[in-house]
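*Asks:* Contents of input-v4.pdb (PDB, C-alpha atoms):
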```pdb
ATOM      1  CA  PHE A1290     -13.364  10.076 -12.328
ATOM      2  CA  ASP A1291     -12.727  10.866 -15.971
ATOM      3  CA  GLY A1292      -8.963  11.165 -15.463
ATOM      4  CA  GLN A1293      -9.366  13.489 -12.486
ATOM      5  CA  ALA A1294      -8.888  10.970  -9.645
ATOM      6  CA  VAL A1295      -5.505  12.242  -8.489
ATOM      7  CA  ARG A1296      -6.695  15.864  -8.494
ATOM      8  CA  ILE A1297      -9.897  14.993  -6.621
ATOM      9  CA  LEU A1298      -8.117  12.890  -4.003
ATOM     10  CA  SER A1299      -5.441  15.566  -3.554
ATOM     11  CA  GLU A1300      -8.106  18.208  -2.935
ATOM     12  CA  VAL A1301      -9.843  15.988  -0.391
ATOM     13  CA  LEU A1302      -6.579  15.433   1.468
ATOM     14  CA  ASP A1303      -5.539  19.093   1.229
ATOM     15  CA  ASN A1304      -8.896  20.281   2.570
ATOM     16  CA  ASP A1305      -8.861  17.753   5.415
ATOM     17  CA  THR A1306     -12.258  16.393   4.372
ATOM     18  CA  ALA A1307     -11.234  12.767   3.926
ATOM     19  CA  GLU A1308     -13.687  11.557   6.577
ATOM     20  CA  ASP A1309     -16.546  12.906   4.434
ATOM     21  CA  PHE A1310     -15.252  11.387   1.191
ATOM     22  CA  PHE A1311     -16.785   8.106   0.095
ATOM     23  CA  ILE A1312     -16.634   6.251  -3.200
ATOM     24  CA  ASP A1313     -19.524   3.920  -3.932
ATOM     25  CA  LYS A1314     -18.633   0.433  -5.099
ATOM     26  CA  LEU A1315     -18.956   0.459  -8.863
ATOM     27  CA  ASN A1316     -18.656  -3.277  -9.470
ATOM     28  CA  THR A1317     -16.655  -6.314  -8.411
ATOM     29  CA  ALA A1318     -14.034  -5.869 -11.121
ATOM     30  CA  HIS A1319     -13.401  -2.260 -10.099
ATOM     31  CA  GLU A1320     -13.079  -3.289  -6.453
ATOM     32  CA  TYR A1321     -10.639  -6.066  -7.371
ATOM     33  CA  ARG A1322      -8.451  -3.764  -9.465
ATOM     34  CA  SER A1323      -8.516  -1.125  -6.701
ATOM     35  CA  TYR A1324      -7.152  -3.596  -4.165
ATOM     36  CA  LYS A1325      -4.468  -4.724  -6.597
ATOM     37  CA  CYS A1326      -3.513  -1.069  -7.120
ATOM     38  CA  LEU A1327      -3.307  -0.482  -3.348
ATOM     39  CA  GLN A1328      -1.212  -3.627  -3.004
ATOM     40  CA  ARG A1329       1.237  -2.366  -5.613
ATOM     41  CA  LEU A1330       1.424   1.115  -4.081
ATOM     42  CA  SER A1331       2.211  -0.338  -0.660
ATOM     43  CA  MET A1332       4.799  -2.610  -2.285
ATOM     44  CA  LEU A1333       6.336   0.450  -3.946
ATOM     45  CA  GLY A1334       6.373   2.231  -0.595
ATOM     46  CA  GLY A1335       8.186  -0.743   0.906
ATOM     47  CA  GLU A1336      10.772  -0.665  -1.851
ATOM     48  CA  ARG A1337      12.019   2.658  -0.468
ATOM     49  CA  PHE A1338      13.721   0.669   2.245
ATOM     50  CA  GLN A1339      16.966  -1.203   1.645
ATOM     51  CA  SER A1340      15.391  -4.589   2.003
ATOM     52  CA  ARG A1341      12.517  -6.380   3.631
ATOM     53  CA  ASN A1342      15.059  -7.778   6.057
ATOM     54  CA  GLN A1343      15.547  -4.248   7.336
ATOM     55  CA  ALA A1344      12.529  -4.759   9.608
ATOM     56  CA  THR A1345      14.310  -7.596  11.397
ATOM     57  CA  GLU A1346      17.508  -5.575  11.643
ATOM     58  CA  LEU A1347      15.616  -2.635  13.131
ATOM     59  CA  ALA A1348      13.826  -4.873  15.620
ATOM     60  CA  TYR A1349      17.160  -6.182  16.909
ATOM     61  CA  LEU A1350      18.484  -2.636  17.115
ATOM     62  CA  LEU A1351      15.509  -1.638  19.261
ATOM     63  CA  LEU A1352      16.328  -4.415  21.712
ATOM     64  CA  ASN A1353      19.668  -2.731  22.361
ATOM     65  CA  GLU A1354      19.173  -1.087  25.745
ATOM     66  CA  ASN A1355      22.324   0.955  25.292
ATOM     67  CA  LEU A1356      20.813   2.773  22.297
ATOM     68  CA  TYR A1357      17.646   3.532  24.267
ATOM     69  CA  GLN A1358      19.630   4.995  27.153
ATOM     70  CA  THR A1359      22.321   6.833  25.202
ATOM     71  CA  ASP A1360      20.542   8.084  22.084
ATOM     72  CA  TYR A1361      16.812   8.212  22.657
ATOM     73  CA  SER A1362      16.240  10.198  19.437
ATOM     74  CA  ALA A1363      17.890   7.473  17.339
ATOM     75  CA  TRP A1364      15.923   4.804  19.213
ATOM     76  CA  SER A1365      12.649   6.672  18.579
ATOM     77  CA  ALA A1366      13.424   7.167  14.884
ATOM     78  CA  THR A1367      14.200   3.454  14.587
ATOM     79  CA  GLN A1368      10.888   2.630  16.268
ATOM     80  CA  VAL A1369       8.987   4.806  13.787
ATOM     81  CA  ARG A1370      10.823   3.342  10.768
ATOM     82  CA  LEU A1371      10.131  -0.206  11.942
ATOM     83  CA  GLY A1372       6.457   0.640  12.375
ATOM     84  CA  GLU A1373       6.325   2.088   8.872
ATOM     85  CA  ILE A1374       7.866  -1.039   7.342
ATOM     86  CA  GLN A1375       5.574  -3.351   9.292
ATOM     87  CA  THR A1376       2.503  -1.314   8.370
ATOM     88  CA  LEU A1377       3.356  -1.352   4.664
ATOM     89  CA  LEU A1378       3.943  -5.107   4.733
ATOM     90  CA  ALA A1379       0.694  -5.778   6.603
ATOM     91  CA  PHE A1380      -1.290  -3.491   4.288
ATOM     92  CA  GLU A1381       0.232  -5.072   1.182
ATOM     93  CA  GLN A1382      -0.649  -8.562   2.402
ATOM     94  CA  SER A1383      -4.154  -7.492   3.431
ATOM     95  CA  CYS A1384      -4.859  -5.956   0.020
ATOM     96  CA  ASN A1385      -3.575  -9.056  -1.738
ATOM     97  CA  LYS A1386      -5.692 -11.376   0.417
ATOM     98  CA  THR A1387      -8.789  -9.235  -0.141
ATOM     99  CA  ALA A1388      -8.213  -9.218  -3.908
ATOM    100  CA  ILE A1389      -7.857 -13.018  -3.869
ATOM    101  CA  ASN A1390     -11.088 -13.341  -1.869
ATOM    102  CA  ILE A1391     -12.951 -11.059  -4.273
ATOM    103  CA  LEU A1392     -11.694 -13.040  -7.249
ATOM    104  CA  SER A1393     -12.666 -16.361  -5.678
ATOM    105  CA  ASP A1394     -16.338 -15.345  -5.849
ATOM    106  CA  VAL A1395     -16.124 -14.516  -9.563
ATOM    107  CA  PRO A1396     -16.856 -17.235 -12.147
ATOM    108  CA  GLN A1397     -13.771 -18.304 -14.095
ATOM    109  CA  LYS A1398     -15.146 -17.072 -17.427
ATOM    110  CA  ASP A1399     -15.638 -13.567 -15.969
ATOM    111  CA  ARG A1400     -12.132 -13.484 -14.476
ATOM    112  CA  GLU A1401     -10.706 -13.694 -17.980
ATOM    113  CA  THR A1402     -12.482 -10.564 -19.190
ATOM    114  CA  GLU A1403     -10.779  -7.217 -19.645
ATOM    115  CA  ALA A1404     -12.640  -5.867 -16.601
ATOM    116  CA  PHE A1405     -10.491  -8.041 -14.304
ATOM    117  CA  PHE A1406      -7.236  -7.504 -16.182
ATOM    118  CA  VAL A1407      -4.275  -6.415 -14.058
ATOM    119  CA  ARG A1408      -0.844  -6.168 -15.645
ATOM    120  CA  ASP A1409       1.723  -8.723 -14.540
ATOM    121  CA  VAL A1410       4.438  -6.095 -14.697
ATOM    122  CA  LYS A1411       4.292  -2.992 -12.526
ATOM    123  CA  CYS A1412       4.131   0.403 -14.155
ATOM    124  CA  PRO A1413       7.437   2.260 -14.079
ATOM    125  CA  LYS A1414       8.144   3.557 -10.580
ATOM    126  CA  GLU A1415       8.252   7.196 -11.694
ATOM    127  CA  TYR A1416       4.558   6.969 -12.684
ATOM    128  CA  SER A1417       3.567   6.405  -9.046
ATOM    129  CA  LEU A1418       6.156   8.229  -6.956
ATOM    130  CA  PHE A1419       4.060  11.380  -6.704
ATOM    131  CA  LEU A1420       1.397   9.316  -4.888
ATOM    132  CA  LEU A1421       3.738   8.328  -2.065
TER     133      LEU A1421
END
```
Now that the file is in, can you turn its structure into structure tokens?

*Replies:*
Amino acid sequence: FDGQAVRILSEVLDNDTAEDFFIDKLNTAHEYRSYKCLQRLSMLGGERFQSRNQATELAYLLLNENLYQTDYSAWSATQVRLGEIQTLLAFEQSCNKTAINILSDVPQKDRETEAFFVRDVKCPKEYSLFLL
């Protein structure tokens, strides 16, 4: 998108036309890198929470009938937060699995080209926060 991807995607979301927006598959390497990017963004979203164990803690809290009966608003907020954590974890794992599957169909010599290069180290968090 010639450096305009964020602007284009923001306009699509702002204009509520996302259902009409479609990006054609450019090539296998682009698809692979896109899934790795989505995996990292969902991982970054998950890092907003105190820990990945927070999902378990929230699940136990939801089982507390007293909270449900005495503070329904807190119970509902906990339910939403748990769903958000679980969704991010599931999406992260799905993106990773898809990227692995894509890569498994690529010959080894092609995997080592620049087209399939993904940094081992994440970009600094502040580079991506505006996307969340």

*Asks:* Spell out the residues picked by the PyMOL selection byres ((chain A and resi 1363-1372) around 10) here, as a PyMOL selection string.

*Replies:* chain A and resi 1338+1343-1348+1350-1362+1373-1378

*Asks:* On this structure, the PyMOL selection byres ((chain A and resi 1397-1409) around 9) would catch which residues? List them as a PyMOL selection string, sorted by chain and number.

*Replies:* chain A and resi 1317-1319+1321-1322+1325-1326+1392-1393+1395-1396+1410-1412

*Asks:* Rounded to one decimal place, report the atom CA of Glu1320 of chain A-atom CA of Thr1387 of chain A distance in Å.

*Replies:* 9.7 Å

*Asks:* Counting only C-alpha atoms, which residue out of A:Ser1323, A:Leu1302, A:Gln1293, A:Leu1333 sits closest to Tyr1416 of chain A?

*Replies:*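 When distances to Tyr1416 of chain A are compared using only C-alpha atoms, the smallest one comes from A:Leu1333.
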
*Asks:* Need the axis-aligned box for segment 1412-1419 of chain A with 5 Å each side, so what are the centre and edges in Å to one decimal, as JSON?

*Replies:*
```
{"center_x": 5.9, "center_y": 5.9, "center_z": -10.4, "size_x": 14.7, "size_y": 21.0, "size_z": 17.5}
```

*Asks:* At what distance in Å, to one decimal, does atom CA of Gln1328 of chain A lie from atom CA of Asn1385 of chain A?

*Replies:* 6.1 Å

*Asks:* If we count all atoms listed in the file and set the cut-off at 12 Å, which residues sit around Ala1307 of chain A, ignoring sequence neighbours fewer than 6 positions away in its own chain? Please answer as a ChimeraX atom specification.

*Replies:* /A:1297-1301

*Asks:* Kindly export the residues of the current selection with C-alpha atoms, as a CSV table (one decimal), in the coordinates of the input.

*Replies:*
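What ended up in part-v3.csv:
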```csv
chain,number,residue,atom,x,y,z
A,1297,ILE,CA,-9.9,15.0,-6.6
A,1298,LEU,CA,-8.1,12.9,-4.0
A,1299,SER,CA,-5.4,15.6,-3.6
A,1300,GLU,CA,-8.1,18.2,-2.9
A,1301,VAL,CA,-9.8,16.0,-0.4
```

*Asks:* Provide the atom CA of Phe1380 of chain A to atom CA of Met1332 of chain A distance in Å, to one decimal place.

*Replies:*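 Between atom CA of Phe1380 of chain A and atom CA of Met1332 of chain A the gap is 9.0 Å.
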
*Asks:* Could you tell me which of A:Thr1306, A:Ser1331, A:Arg1337, A:Arg1296 comes closest to Ala1379 of chain A if we count only C-alpha atoms?

*Replies:* A:Ser1331

*Asks:* Point out the residue among A:Glu1415, A:Asn1316, A:Gly1335, A:Arg1329 with the least atom-to-atom distance to Ile1391 of chain A, counting only C-alpha atoms.

*Replies:*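 Under the stated criterion, the closest residue is A:Asn1316.
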
*Asks:* Since fewer atoms than expected are present, regenerate all heavy atoms for segment 1295-1306 of chain A and write them as a JSON list (two decimals), keeping the file's coordinate frame.

*Replies:*
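The resulting file, part.json, is reproduced below:
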```
[["chain", "number", "residue", "atom", "x", "y", "z"],
["A", 1295, "VAL", "N", -6.62, 11.73, -9.30],
["A", 1295, "VAL", "CA", -5.50, 12.24, -8.49],
["A", 1295, "VAL", "C", -5.82, 13.65, -8.00],
["A", 1295, "VAL", "O", -5.62, 13.98, -6.83],
["A", 1295, "VAL", "CB", -4.17, 12.20, -9.27],
["A", 1295, "VAL", "CG1", -3.07, 12.90, -8.50],
["A", 1295, "VAL", "CG2", -3.78, 10.76, -9.56],
["A", 1296, "ARG", "N", -6.36, 14.50, -8.88],
["A", 1296, "ARG", "CA", -6.70, 15.86, -8.49],
["A", 1296, "ARG", "C", -7.78, 15.87, -7.41],
["A", 1296, "ARG", "O", -7.66, 16.56, -6.40],
["A", 1296, "ARG", "CB", -7.18, 16.67, -9.70],
["A", 1296, "ARG", "CG", -7.48, 18.14, -9.36],
["A", 1296, "ARG", "CD", -8.15, 18.87, -10.52],
["A", 1296, "ARG", "NE", -9.42, 18.30, -10.94],
["A", 1296, "ARG", "CZ", -10.57, 18.38, -10.26],
["A", 1296, "ARG", "NH1", -10.61, 19.01, -9.10],
["A", 1296, "ARG", "NH2", -11.67, 17.83, -10.72],
["A", 1297, "ILE", "N", -8.80, 15.05, -7.59],
["A", 1297, "ILE", "CA", -9.90, 14.99, -6.62],
["A", 1297, "ILE", "C", -9.40, 14.50, -5.27],
["A", 1297, "ILE", "O", -9.70, 15.10, -4.22],
["A", 1297, "ILE", "CB", -11.04, 14.10, -7.15],
["A", 1297, "ILE", "CG1", -11.70, 14.77, -8.34],
["A", 1297, "ILE", "CG2", -12.05, 13.80, -6.06],
["A", 1297, "ILE", "CD1", -12.65, 13.87, -9.11],
["A", 1298, "LEU", "N", -8.63, 13.42, -5.26],
["A", 1298, "LEU", "CA", -8.12, 12.89, -4.00],
["A", 1298, "LEU", "C", -7.17, 13.87, -3.34],
["A", 1298, "LEU", "O", -7.17, 14.02, -2.11],
["A", 1298, "LEU", "CB", -7.44, 11.54, -4.24],
["A", 1298, "LEU", "CG", -8.38, 10.40, -4.63],
["A", 1298, "LEU", "CD1", -7.59, 9.16, -4.98],
["A", 1298, "LEU", "CD2", -9.37, 10.10, -3.53],
["A", 1299, "SER", "N", -6.35, 14.56, -4.12],
["A", 1299, "SER", "CA", -5.44, 15.57, -3.55],
["A", 1299, "SER", "C", -6.22, 16.69, -2.89],
["A", 1299, "SER", "O", -5.86, 17.14, -1.80],
["A", 1299, "SER", "CB", -4.54, 16.15, -4.64],
["A", 1299, "SER", "OG", -3.66, 15.18, -5.12],
["A", 1300, "GLU", "N", -7.29, 17.15, -3.52],
["A", 1300, "GLU", "CA", -8.11, 18.21, -2.94],
["A", 1300, "GLU", "C", -8.75, 17.75, -1.63],
["A", 1300, "GLU", "O", -8.80, 18.50, -0.66],
["A", 1300, "GLU", "CB", -9.18, 18.65, -3.92],
["A", 1300, "GLU", "CG", -8.66, 19.49, -5.06],
["A", 1300, "GLU", "CD", -9.75, 19.85, -6.07],
["A", 1300, "GLU", "OE1", -10.94, 19.59, -5.81],
["A", 1300, "GLU", "OE2", -9.38, 20.39, -7.14],
["A", 1301, "VAL", "N", -9.23, 16.53, -1.61],
["A", 1301, "VAL", "CA", -9.84, 15.99, -0.39],
["A", 1301, "VAL", "C", -8.82, 15.97, 0.74],
["A", 1301, "VAL", "O", -9.11, 16.38, 1.87],
["A", 1301, "VAL", "CB", -10.41, 14.57, -0.64],
["A", 1301, "VAL", "CG1", -10.76, 13.88, 0.66],
["A", 1301, "VAL", "CG2", -11.63, 14.64, -1.55],
["A", 1302, "LEU", "N", -7.62, 15.50, 0.44],
["A", 1302, "LEU", "CA", -6.58, 15.43, 1.47],
["A", 1302, "LEU", "C", -6.11, 16.82, 1.88],
["A", 1302, "LEU", "O", -5.90, 17.08, 3.07],
["A", 1302, "LEU", "CB", -5.40, 14.59, 0.97],
["A", 1302, "LEU", "CG", -5.70, 13.10, 0.79],
["A", 1302, "LEU", "CD1", -4.54, 12.41, 0.12],
["A", 1302, "LEU", "CD2", -6.05, 12.45, 2.11],
["A", 1303, "ASP", "N", -5.97, 17.73, 0.93],
["A", 1303, "ASP", "CA", -5.54, 19.09, 1.23],
["A", 1303, "ASP", "C", -6.56, 19.85, 2.07],
["A", 1303, "ASP", "O", -6.20, 20.67, 2.91],
["A", 1303, "ASP", "CB", -5.26, 19.89, -0.05],
["A", 1303, "ASP", "CG", -4.01, 19.41, -0.77],
["A", 1303, "ASP", "OD1", -3.18, 18.70, -0.15],
["A", 1303, "ASP", "OD2", -3.85, 19.73, -1.98],
["A", 1304, "ASN", "N", -7.84, 19.57, 1.85],
["A", 1304, "ASN", "CA", -8.90, 20.28, 2.57],
["A", 1304, "ASN", "C", -9.29, 19.59, 3.87],
["A", 1304, "ASN", "O", -10.22, 20.03, 4.54],
["A", 1304, "ASN", "CB", -10.13, 20.44, 1.68],
["A", 1304, "ASN", "CG", -9.85, 21.30, 0.47],
["A", 1304, "ASN", "OD1", -9.04, 22.21, 0.54],
["A", 1304, "ASN", "ND2", -10.50, 21.00, -0.64],
["A", 1305, "ASP", "N", -8.60, 18.50, 4.18],
["A", 1305, "ASP", "CA", -8.86, 17.75, 5.42],
["A", 1305, "ASP", "C", -10.33, 17.32, 5.52],
["A", 1305, "ASP", "O", -10.96, 17.43, 6.56],
["A", 1305, "ASP", "CB", -8.45, 18.59, 6.64],
["A", 1305, "ASP", "CG", -8.23, 17.71, 7.86],
["A", 1305, "ASP", "OD1", -7.95, 16.51, 7.70],
["A", 1305, "ASP", "OD2", -8.37, 18.23, 8.99],
["A", 1306, "THR", "N", -10.87, 16.85, 4.39],
["A", 1306, "THR", "CA", -12.26, 16.39, 4.37],
["A", 1306, "THR", "C", -12.35, 14.90, 4.05],
["A", 1306, "THR", "O", -13.39, 14.43, 3.61],
["A", 1306, "THR", "CB", -13.07, 17.20, 3.33],
["A", 1306, "THR", "OG1", -12.45, 17.06, 2.05],
["A", 1306, "THR", "CG2", -13.19, 18.65, 3.71]]
```
